[in-house]
Amino acid sequence: MVTTADTTAPGAPAAENKAIYGGGTPAGAAARRFRIAFDVVAAATSDLPDRDREALRWLAQYGRAKNLTHDEVASRLKKPDGSSYSGDSVYQALTGRREADQLGNLVEAVAKFREIEEARAGQVETGFIETAISRRVFGACRKAFLRRKIVFLWGESQIGKTTALVQYTLLHNHGETVYVRMPTGGSIDGFLHALAEVLGIPTGNRGVDLQRRIMASFDDRMLLIVDEAHEALSEHYSAKRGLRTLNWVRELQERCKCGVVLSATNVFRDVMLRGPHARNLRQLWLRGMAPVQLPDRPCNADLDAFARAYGLGPATDEEVQVRVAYIDDDGGERQQILAKNPCVLQAEVIRAYSLGRWNVILQEASDIARERKRPLTWGLVIHAWHSFERMGQFDQGGAS
């Protein structure tokens, strides 16, 4: 059973507590168990030595990501005598109520705990498949972080941008990388709300105060990833709303000197450079480094990597026959012999739907193999493809 944390942090006077968490009851407060907002942690650790700062910021983001109370976070940290730290000790350290020379043992405890956690995380199967595209995404993120600049990341939908960005965030999380999706329509209120949620800042704050607290959460040792940035330039919404949001991101980068990745489809590129608001976006464009243009389709080596991840060899360049059974429009069971060349089929699906659909087909084939308790084969991939083909026929008004 999950219980909610007290709104008052251990050992915190009421006035100080209000200053840290904000007035009122923020949306989602009942579910939020780690109660220290990241702008507070950022301010408290900004002048610490690199090792201390990174350790404490990691601990704060760990507690927030795991949705732990301060006491639960503290229980994972061991003192030199083997006993656990208290929630009050963690609170004092993360809010700047301990002098730098008093943090040595706690930082050492965090470092040991972090090493264990990251070792465990490395043993967990994430389902991530490294590809040439993901390596370019990682490179763009690292460049933005190291150069403290804006990097535009452009590419078609369903080629693996978001998957790679999320994986990068997982590998560079806990105080360094902040990932947020641009809300539909790109309004600044929606964007700030989404960003505040990620940072643990109460969304009961409004306007300038919320912007100030978000700005205070970033510095030149952090990276902001904005995914689906093209939503800010959608033709279906007021362009001024999205322009204001993008200009706010530019201002964040200018003030805080943090790295920023704006990931979007090629529509964003075209509208930004040649659209009706190109002049208004010129400042943002000039703040960026050379954009990273991703290929429209994965290369053969990437497709082979996906096949290997599912236990298959590279797509064979010869016909494979498979018998499939399905229910027709009248509810009757029918069977059909399909003959498809896996290499040709793979190319056709990638060309028509890109990597996203192909990955779903491979997942479906893997599920069929598991249900039948047999190895995955290209014949089962053809079977799974056929299911999606029939689904598409229904979408167009019925199967033939």
# chains A, B, ... in the order shown; residues from 1 in each chain; ligands from 1
>>> residues_around(residues="Ile214 (chain A)", least_positions_apart="4", cutoff="12 Å", atoms="only C-alpha atoms", output="PyMOL selection string")
chain A and resi 37-43+178+191-203+205-210+218-219+224+248-249+251-253+255-256
>>> write_last_selection(atoms="C-alpha atoms", output="CSV table (one decimal), in the first residue's frame")
chain,number,residue,atom,x,y,z
A,37,ALA,CA,11.9,20.6,-5.9
A,38,PHE,CA,14.9,20.6,-8.2
A,39,ASP,CA,15.4,24.3,-8.3
A,40,VAL,CA,16.1,24.1,-4.5
A,41,VAL,CA,18.6,21.3,-4.9
A,42,ALA,CA,20.3,23.2,-7.8
A,43,ALA,CA,20.7,26.3,-5.7
A,178,VAL,CA,16.0,16.7,-18.3
A,191,PHE,CA,5.2,23.4,-21.8
A,192,LEU,CA,6.0,25.0,-18.4
A,193,HIS,CA,3.6,22.7,-16.7
A,194,ALA,CA,5.2,19.6,-18.2
A,195,LEU,CA,8.7,20.8,-17.4
A,196,ALA,CA,7.7,21.7,-13.8
A,197,GLU,CA,6.3,18.1,-13.3
A,198,VAL,CA,9.6,16.6,-14.4
A,199,LEU,CA,11.6,18.9,-12.0
A,200,GLY,CA,9.3,18.3,-9.1
A,201,ILE,CA,8.3,22.0,-8.9
A,202,PRO,CA,4.7,22.5,-7.7
A,203,THR,CA,2.5,23.4,-10.7
A,205,ASN,CA,3.0,28.2,-9.1
A,206,ARG,CA,2.0,30.4,-12.0
A,207,GLY,CA,3.4,32.8,-14.5
A,208,VAL,CA,6.6,34.6,-13.7
A,209,ASP,CA,7.1,32.7,-10.5
A,210,LEU,CA,6.9,29.3,-12.2
A,218,PHE,CA,19.2,24.8,-14.8
A,219,ASP,CA,22.9,25.7,-15.0
A,224,LEU,CA,17.4,20.0,-21.7
A,248,TRP,CA,11.3,31.0,-23.9
A,249,VAL,CA,13.5,27.9,-24.5
A,251,GLU,CA,16.0,32.5,-23.3
A,252,LEU,CA,16.5,29.6,-20.9
A,253,GLN,CA,19.6,28.6,-22.8
A,255,ARG,CA,20.5,32.8,-19.2
A,256,CYS,CA,21.5,29.4,-17.8
>>> select_by_dssp(residues="region 28-131 of chain A", states="helix (DSSP H, G or I)", output="MDAnalysis selection string")
chainID A and resid 38:45 50:66 70:75 87:94 100:102 104:122
>>> residues_around(residues="Arg221 (chain A)", least_positions_apart="4", cutoff="9 Å", atoms="only C-alpha atoms", output="list in words")
Phe145, Leu146, Arg148, Gly175, Glu176, Lys257, Cys258 and Gly259 of chain A
>>> atom_distance(atom1="CA of Lys340 (chain A)", atom2="CA of Glu319 (chain A)")
5.1 Å
>>> closest_atom_pairs(of="region 82-196 of chain A", to="region 47-69 of chain A", cutoff="8 Å", atoms="only C-alpha atoms", output="CSV")
residue,atom,partner,partner_atom,distance
A:Ala93,CA,A:Leu56,CA,7.8
A:Leu94,CA,A:Leu56,CA,6.6
A:Ala100,CA,A:Leu48,CA,6.7
A:Leu103,CA,A:Asp52,CA,7.8
A:Val107,CA,A:Asp52,CA,6.0
A:Val110,CA,A:Ala55,CA,6.2
A:Ala111,CA,A:Ala55,CA,6.4
A:Asn173,CA,A:Trp58,CA,7.6
A:His174,CA,A:Trp58,CA,4.1
A:Gly175,CA,A:Arg57,CA,4.8
>>> residues_around(residues="Glu156 (chain A)", least_positions_apart="2", cutoff="7 Å", atoms="only C-alpha atoms", output="list in words")
Gln158, Ile159, Thr265, Asn266 and Asp296 of chain A
>>> residues_around(residues="Ile361 (chain A)", least_positions_apart="2", cutoff="6 Å", atoms="only C-alpha atoms", output="ChimeraX atom specification")
/A:358-359,363-364,384-385
>>> select_by_dssp(residues="region 217-388 of chain A", states="strand (DSSP E or B)", output="MDAnalysis selection string")
chainID A and resid 223:227 259:264 288 292:293 320:327 333:340
>>> write_last_selection(atoms="C-alpha atoms", output="mmCIF file, in the first residue's frame")
data_model
loop_
_atom_site.group_PDB
_atom_site.id
_atom_site.type_symbol
_atom_site.label_atom_id
_atom_site.label_comp_id
_atom_site.auth_asym_id
_atom_site.auth_seq_id
_atom_site.Cartn_x
_atom_site.Cartn_y
_atom_site.Cartn_z
ATOM 1 C CA LEU A 223 21.080 19.385 -20.747
ATOM 2 C CA LEU A 224 17.440 19.991 -21.681
ATOM 3 C CA ILE A 225 15.951 17.686 -24.319
ATOM 4 C CA VAL A 226 12.722 18.949 -25.904
ATOM 5 C CA ASP A 227 11.130 16.157 -27.935
ATOM 6 C CA GLY A 259 22.760 22.575 -23.478
ATOM 7 C CA VAL A 260 19.475 22.189 -25.357
ATOM 8 C CA VAL A 261 18.386 19.605 -27.927
ATOM 9 C CA LEU A 262 15.290 20.440 -29.969
ATOM 10 C CA SER A 263 14.166 17.189 -31.600
ATOM 11 C CA ALA A 264 11.521 17.426 -34.307
ATOM 12 C CA GLY A 288 22.033 26.779 -32.592
ATOM 13 C CA VAL A 292 21.866 17.069 -37.126
ATOM 14 C CA GLN A 293 19.810 15.658 -39.996
ATOM 15 C CA VAL A 320 9.475 -18.310 -47.509
ATOM 16 C CA GLN A 321 6.078 -20.012 -47.539
ATOM 17 C CA VAL A 322 3.804 -19.938 -44.499
ATOM 18 C CA ARG A 323 0.226 -21.062 -43.888
ATOM 19 C CA VAL A 324 -1.851 -18.459 -42.030
ATOM 20 C CA ALA A 325 -5.304 -18.855 -40.513
ATOM 21 C CA TYR A 326 -7.678 -15.957 -39.947
ATOM 22 C CA ILE A 327 -11.352 -15.114 -39.499
ATOM 23 C CA GLU A 333 -12.171 -19.529 -40.431
ATOM 24 C CA ARG A 334 -10.000 -19.399 -43.505
ATOM 25 C CA GLN A 335 -6.478 -20.467 -44.367
ATOM 26 C CA GLN A 336 -4.075 -19.031 -46.881
ATOM 27 C CA ILE A 337 -0.603 -19.876 -48.135
ATOM 28 C CA LEU A 338 1.662 -16.835 -48.256
ATOM 29 C CA ALA A 339 4.962 -16.724 -50.120
ATOM 30 C CA LYS A 340 7.084 -13.689 -49.308
#
